[in-house]
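Structure, as structure tokens:
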Amino acid sequence: MDMMVHPIKVVSAASPEVASAAIKIAARSVNVFYGDKHALKDVSVDVPERAVTAFIGPSGCGKSTFLRCINRMNDTIPIARVTGQILIDDLDIYDPSLDVVQLRARVGMVFQKPNPFPKSVYENVAYGPRIHGLAKSKADLEEIVVTSLKKASLWEEVKERLTDPGTGLSGGQQQRLCIARAIAVSPEIILMDEPCSALDPIATARIEELIDELRANYTIIIVTHSMQQAARVSQRTAFFHLGVLVEEGQTETIFTNPSDKRTLDYITGRFG
Amino acid sequence: MTEHILKAFDEDLREISSRLAEMGGLAERLVAESVDALVKRDTALAQRVIAADDQVDALQRDIEEKAVLTIARRQPMAVDLREIVAALRIANDLERVGDLAKNTAKRVLALDGEYQAQKQLRGVKHMADMVLQRLKQVLDAYGARDEERAMDVWRRDGEIDAMYTSLFRELLTYMMEDPRHITLCIHLLFAAKNIERIGDHATNIAETIYYLVVGEVLTEERPKLDTTSITRMINR
């Protein structure tokens, strides 16, 4: 991977209210190229710790691309090239000596379509802690599985069917299973790429409720096409357009009084 | 402002805005006519003002209903949301303006047959002219989304308050001079208070326009010069 480290000092680029909250992720001049296509242009942003940050923007604006930089998912795309710097707790995640597997344990991800492994509910959650060696004993592992399922608000619904296949659960339950699976390896950051777009309103409400609970312990970034969802669940919102981070700020400000006209046009449905 | 992708949304907003303009025009007319009725002791005109207040109320209900429907249907954001919130608030203020005009008109009926004195009326008429001018200016400012013109009304509300305070003293003097003037002066005092309150609603509307255009709530304390609540008769 072509990696260019910019000689940029990490100063808080964001507004003062973020500066007061601890910054978990600091991105500096991040560019992403897919072959010749310049998909993400010079993005610098601070993501606060233990809060929900929403990325919004029209399709192809670069929000998912940027999300995928944070746990180096773009590494899996051969033609993708990332430049710039992303720091998690002052650690450069594109440092060549960094163990990507370890990084992805710290930075969990939940996808648009629930994708449980074709294994039992229990195994879906137990898999991560087991391969990362997080459990010393069988009882330990069981405890992790139960706690994770409880944290994902799924325990009550699946406690009698832990040996059933995960793929047999409802869509909403599958998504919460995927969240439980992500939580099981004790990540610090959870990335969610449109986690509710395949779910009905009730399952969506459950996930949103869950996100609100999880933010006490995790730094969450959610990519969503639903402006209402971004407004409901996040504390900060970043608006992307044509690969550029147009505006980032407190969610309430972005949705009531954004400063950039492009943001205003997008959130009020005037794009076109 | 460019148009929404959804044209029906633009239509909803336009509809609310034009209803509000209609309501503003009507409220303005009722205030003018109620004062006219008072000055000329025209009971027929006063009756018409009282009857027309129903239209103002109906328009308010209509605007409220449309606003609620638009929120439910379109989930407005940012300036669109402020547009609707502003319409709701302004409609509320205008509804109160209509009520105050109606109350003034009712006093014209109560005064029927009472002693008429032009000199006591002069102050009320002058104050009413000023308030009407403010109401007109603030409604124009709403139509033009011009927060500067609205703020001008806001800043000058103190003048109306000061005028009311001096009118209060003046009417008090007339009452002390000749007890036969008391009924008339009391009614005029209430009418003046109504008019002063209409000025306050114009000021509220100005604040709403500021919020609508700028996106922030005005936090500054408004200039207040109505001191009648602490005014007493000094020579007692």
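A note on labels: chains of the structure tokens are A, B, ... as shown, every chain counts residues from 1, and ligands are counted from 1 in their shown order.
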Residues of chain A that approach chain B to 6 Å or less, counting only C-alpha atoms: could you list each one with the shortest pair of atoms and its distance in Å to one decimal, rows by chain and increasing residue number, as a Markdown table?
| residue | atom | partner | partner_atom | distance |
| --- | --- | --- | --- | --- |
| A:Phe255 | CA | B:Ala78 | CA | 5.4 |
| A:Thr256 | CA | B:Ala78 | CA | 3.8 |
| A:Asn257 | CA | B:Ala78 | CA | 5.4 |
| A:Thr268 | CA | B:Met77 | CA | 5.4 |
| A:Gly269 | CA | B:His4 | CA | 5.5 |
| A:Arg270 | CA | B:His4 | CA | 4.2 |
I need the residues from that last selection saved to file as a short mmCIF file (atom, residue, chain, number, x, y, z; two decimals), in the first residue's frame (with C-alpha atoms), if you can.
data_model
loop_
_atom_site.label_atom_id
_atom_site.label_comp_id
_atom_site.auth_asym_id
_atom_site.auth_seq_id
_atom_site.Cartn_x
_atom_site.Cartn_y
_atom_site.Cartn_z
CA PHE A 255 -29.92 19.82 11.18
CA THR A 256 -31.27 23.17 12.29
CA ASN A 257 -28.80 25.71 11.05
CA THR A 268 -33.81 19.89 3.25
CA GLY A 269 -34.20 17.76 0.12
CA ARG A 270 -33.16 20.39 -2.40
#
From a DSSP pass on the backbone, collect the residues of range 7-234 of chain B flagged as alpha helix (DSSP H) and hand them back as a PyMOL selection string. chain B and resi 7-40+43-74+78-110+118-144+147-155+157-177+182-214
Considering only strand (DSSP E) as DSSP defines it on the backbone, what residues of range 79-254 of chain A qualify? List them as a count of residues only. 38
Close residues, Lys106 in chain B itself excluded, 10 Å, only C-alpha atoms, min 5 positions apart in chain, as a list in words: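 With the cut-off at 10 Å, the set is Ser34, Ala37, Leu38, Thr43, Ala46, Gln47, Val49, Ile50, Leu100, Ala101, Leu111, His187 and Ala191 of chain B.
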Could those selected residues go to a file with N, CA and C atoms, as an mmCIF file, in the first residue's frame?
data_model
loop_
_atom_site.group_PDB
_atom_site.id
_atom_site.type_symbol
_atom_site.label_atom_id
_atom_site.label_comp_id
_atom_site.auth_asym_id
_atom_site.auth_seq_id
_atom_site.Cartn_x
_atom_site.Cartn_y
_atom_site.Cartn_z
ATOM 1 N N SER B 34 -61.019 48.742 14.247
ATOM 2 C CA SER B 34 -61.459 48.847 15.642
ATOM 3 C C SER B 34 -61.133 50.236 16.187
ATOM 4 N N ALA B 37 -63.517 52.694 14.581
ATOM 5 C CA ALA B 37 -64.827 52.580 15.214
ATOM 6 C C ALA B 37 -64.834 53.317 16.547
ATOM 7 N N LEU B 38 -63.711 53.227 17.252
ATOM 8 C CA LEU B 38 -63.594 53.885 18.543
ATOM 9 C C LEU B 38 -63.588 55.404 18.384
ATOM 10 N N THR B 43 -70.747 52.115 15.826
ATOM 11 C CA THR B 43 -71.089 50.797 16.377
ATOM 12 C C THR B 43 -71.261 49.738 15.287
ATOM 13 N N ALA B 46 -67.902 48.532 14.491
ATOM 14 C CA ALA B 46 -67.443 47.724 15.629
ATOM 15 C C ALA B 46 -68.044 46.321 15.553
ATOM 16 N N GLN B 47 -69.324 46.246 15.200
ATOM 17 C CA GLN B 47 -69.977 44.935 15.045
ATOM 18 C C GLN B 47 -69.283 44.087 13.979
ATOM 19 N N VAL B 49 -66.181 44.297 13.027
ATOM 20 C CA VAL B 49 -64.873 43.858 13.535
ATOM 21 C C VAL B 49 -65.050 42.613 14.414
ATOM 22 N N ILE B 50 -66.049 42.686 15.286
ATOM 23 C CA ILE B 50 -66.294 41.560 16.204
ATOM 24 C C ILE B 50 -66.594 40.287 15.410
ATOM 25 N N LEU B 100 -57.579 41.163 20.421
ATOM 26 C CA LEU B 100 -57.423 42.479 21.048
ATOM 27 C C LEU B 100 -58.215 43.542 20.283
ATOM 28 N N ALA B 101 -58.216 43.422 18.953
ATOM 29 C CA ALA B 101 -59.000 44.356 18.138
ATOM 30 C C ALA B 101 -60.485 44.169 18.451
ATOM 31 N N LEU B 111 -69.558 51.898 25.009
ATOM 32 C CA LEU B 111 -69.508 53.352 25.154
ATOM 33 C C LEU B 111 -70.692 54.060 24.485
ATOM 34 N N HIS B 187 -62.500 52.944 29.621
ATOM 35 C CA HIS B 187 -62.574 52.181 28.371
ATOM 36 C C HIS B 187 -61.423 52.536 27.438
ATOM 37 N N ALA B 191 -58.594 50.183 25.921
ATOM 38 C CA ALA B 191 -58.333 50.155 24.473
ATOM 39 C C ALA B 191 -56.849 50.429 24.218
#
Nearby residues (only C-alpha atoms) at most 9 Å from Ile63 in chain B, same-chain spacing under 6 positions excluded, as a list in words: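 Near Ile63 in chain B, the qualifying residues are Glu15, Ile16, Ser17, Arg19, Leu20, Ala87, Leu88 and Ala91 of chain B.
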So that I can check the surroundings of range 211-224 of chain A, please list as a ChimeraX atom specification every protein, DNA and RNA residue that reaches within 8 Å of it, counting only C-alpha atoms and ignoring chain neighbours fewer than 2 positions away. /A:24,48-56,63-64,67,151,187-195,197,207-209,226-227,229-230,233
Within 8 Å of range 124-141 of chain B using only C-alpha atoms, minus same-chain residues under 4 positions, as a compact mmCIF listing (two decimals) with N, CA and C atoms, in the first residue's frame:
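The result, stored in around.txt:
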# COMPACT_ATOMS: atom_id res chain seq x y z
N ALA B 21 -49.97 35.31 5.22
CA ALA B 21 -50.02 36.68 4.68
C ALA B 21 -51.46 37.18 4.71
N GLY B 24 -52.39 37.99 8.23
CA GLY B 24 -51.74 39.23 8.64
C GLY B 24 -52.52 40.43 8.12
N GLU B 28 -54.43 43.14 10.51
CA GLU B 28 -54.09 44.54 10.36
C GLU B 28 -55.37 45.38 10.16
N VAL B 31 -57.48 45.76 13.31
CA VAL B 31 -56.94 46.73 14.25
C VAL B 31 -57.30 48.14 13.80
N ALA B 32 -57.07 48.42 12.51
CA ALA B 32 -57.37 49.75 11.97
C ALA B 32 -58.84 50.08 12.14
N VAL B 35 -59.98 50.77 15.81
CA VAL B 35 -59.60 52.10 16.27
C VAL B 35 -60.49 53.16 15.61
N VAL B 39 -62.81 55.87 17.42
CA VAL B 39 -62.69 57.32 17.22
C VAL B 39 -64.00 57.91 16.73
N GLN B 120 -59.55 63.46 24.60
CA GLN B 120 -59.08 62.24 25.24
C GLN B 120 -58.69 61.17 24.22
N ARG B 145 -38.80 38.21 4.29
CA ARG B 145 -37.80 37.50 5.11
C ARG B 145 -36.63 38.44 5.42
N ASP B 146 -36.99 39.64 5.87
CA ASP B 146 -36.00 40.68 6.10
C ASP B 146 -35.84 40.91 7.61
N GLU B 147 -34.80 40.29 8.19
CA GLU B 147 -34.69 40.35 9.65
C GLU B 147 -34.28 41.74 10.12
N ARG B 149 -35.40 44.67 8.96
CA ARG B 149 -36.62 45.46 9.12
C ARG B 149 -37.41 44.99 10.34
N ALA B 150 -37.38 43.70 10.56
CA ALA B 150 -38.07 43.15 11.73
C ALA B 150 -37.41 43.66 13.01
N VAL B 153 -38.43 47.06 14.21
CA VAL B 153 -39.68 47.07 14.98
C VAL B 153 -39.39 46.65 16.43
N ILE B 160 -43.53 52.66 22.03
CA ILE B 160 -44.96 52.41 22.25
C ILE B 160 -45.24 52.30 23.75
N MET B 163 -45.23 55.66 25.23
CA MET B 163 -46.43 56.38 24.88
C MET B 163 -47.61 55.92 25.73
N TYR B 164 -47.67 54.63 25.96
CA TYR B 164 -48.75 54.09 26.78
C TYR B 164 -48.66 54.64 28.21
N LEU B 167 -49.89 58.13 28.21
CA LEU B 167 -51.33 58.14 28.00
C LEU B 167 -52.07 57.77 29.29
N LEU B 188 -61.12 53.83 27.39
CA LEU B 188 -60.00 54.24 26.53
C LEU B 188 -58.68 53.66 27.03
N ALA B 191 -58.59 50.18 25.92
CA ALA B 191 -58.33 50.15 24.47
C ALA B 191 -56.85 50.43 24.22
N ALA B 192 -56.31 51.41 24.96
CA ALA B 192 -54.89 51.73 24.80
C ALA B 192 -54.02 50.55 25.18
N ILE B 195 -54.02 48.12 22.44
CA ILE B 195 -53.16 48.56 21.34
C ILE B 195 -51.68 48.36 21.70
N GLU B 196 -51.38 48.63 22.94
CA GLU B 196 -50.00 48.42 23.40
C GLU B 196 -49.63 46.94 23.31
N ILE B 198 -50.88 44.84 21.21
CA ILE B 198 -50.72 44.52 19.79
C ILE B 198 -49.28 44.86 19.37
N GLY B 199 -48.77 45.96 19.91
CA GLY B 199 -47.37 46.31 19.67
C GLY B 199 -46.43 45.22 20.17
N ALA B 202 -46.42 42.46 17.72
CA ALA B 202 -45.59 42.82 16.57
C ALA B 202 -44.12 42.54 16.91
N ILE B 205 -43.46 38.88 16.77
CA ILE B 205 -43.35 38.46 15.38
C ILE B 205 -41.95 38.81 14.85
N ALA B 206 -41.47 39.98 15.25
CA ALA B 206 -40.12 40.39 14.84
C ALA B 206 -39.08 39.38 15.33
N ILE B 209 -39.25 36.32 13.20
CA ILE B 209 -38.64 36.52 11.88
C ILE B 209 -37.11 36.41 12.00
State, in Å with one decimal place, the distance from CA of Ile202 in chain A to CA of Tyr266 in chain A.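 Those two atoms sit 26.2 Å apart.
Note that the spacing between CA of Glu33 in chain B and CA of Thr208 in chain B amounts to 25.9 Å.
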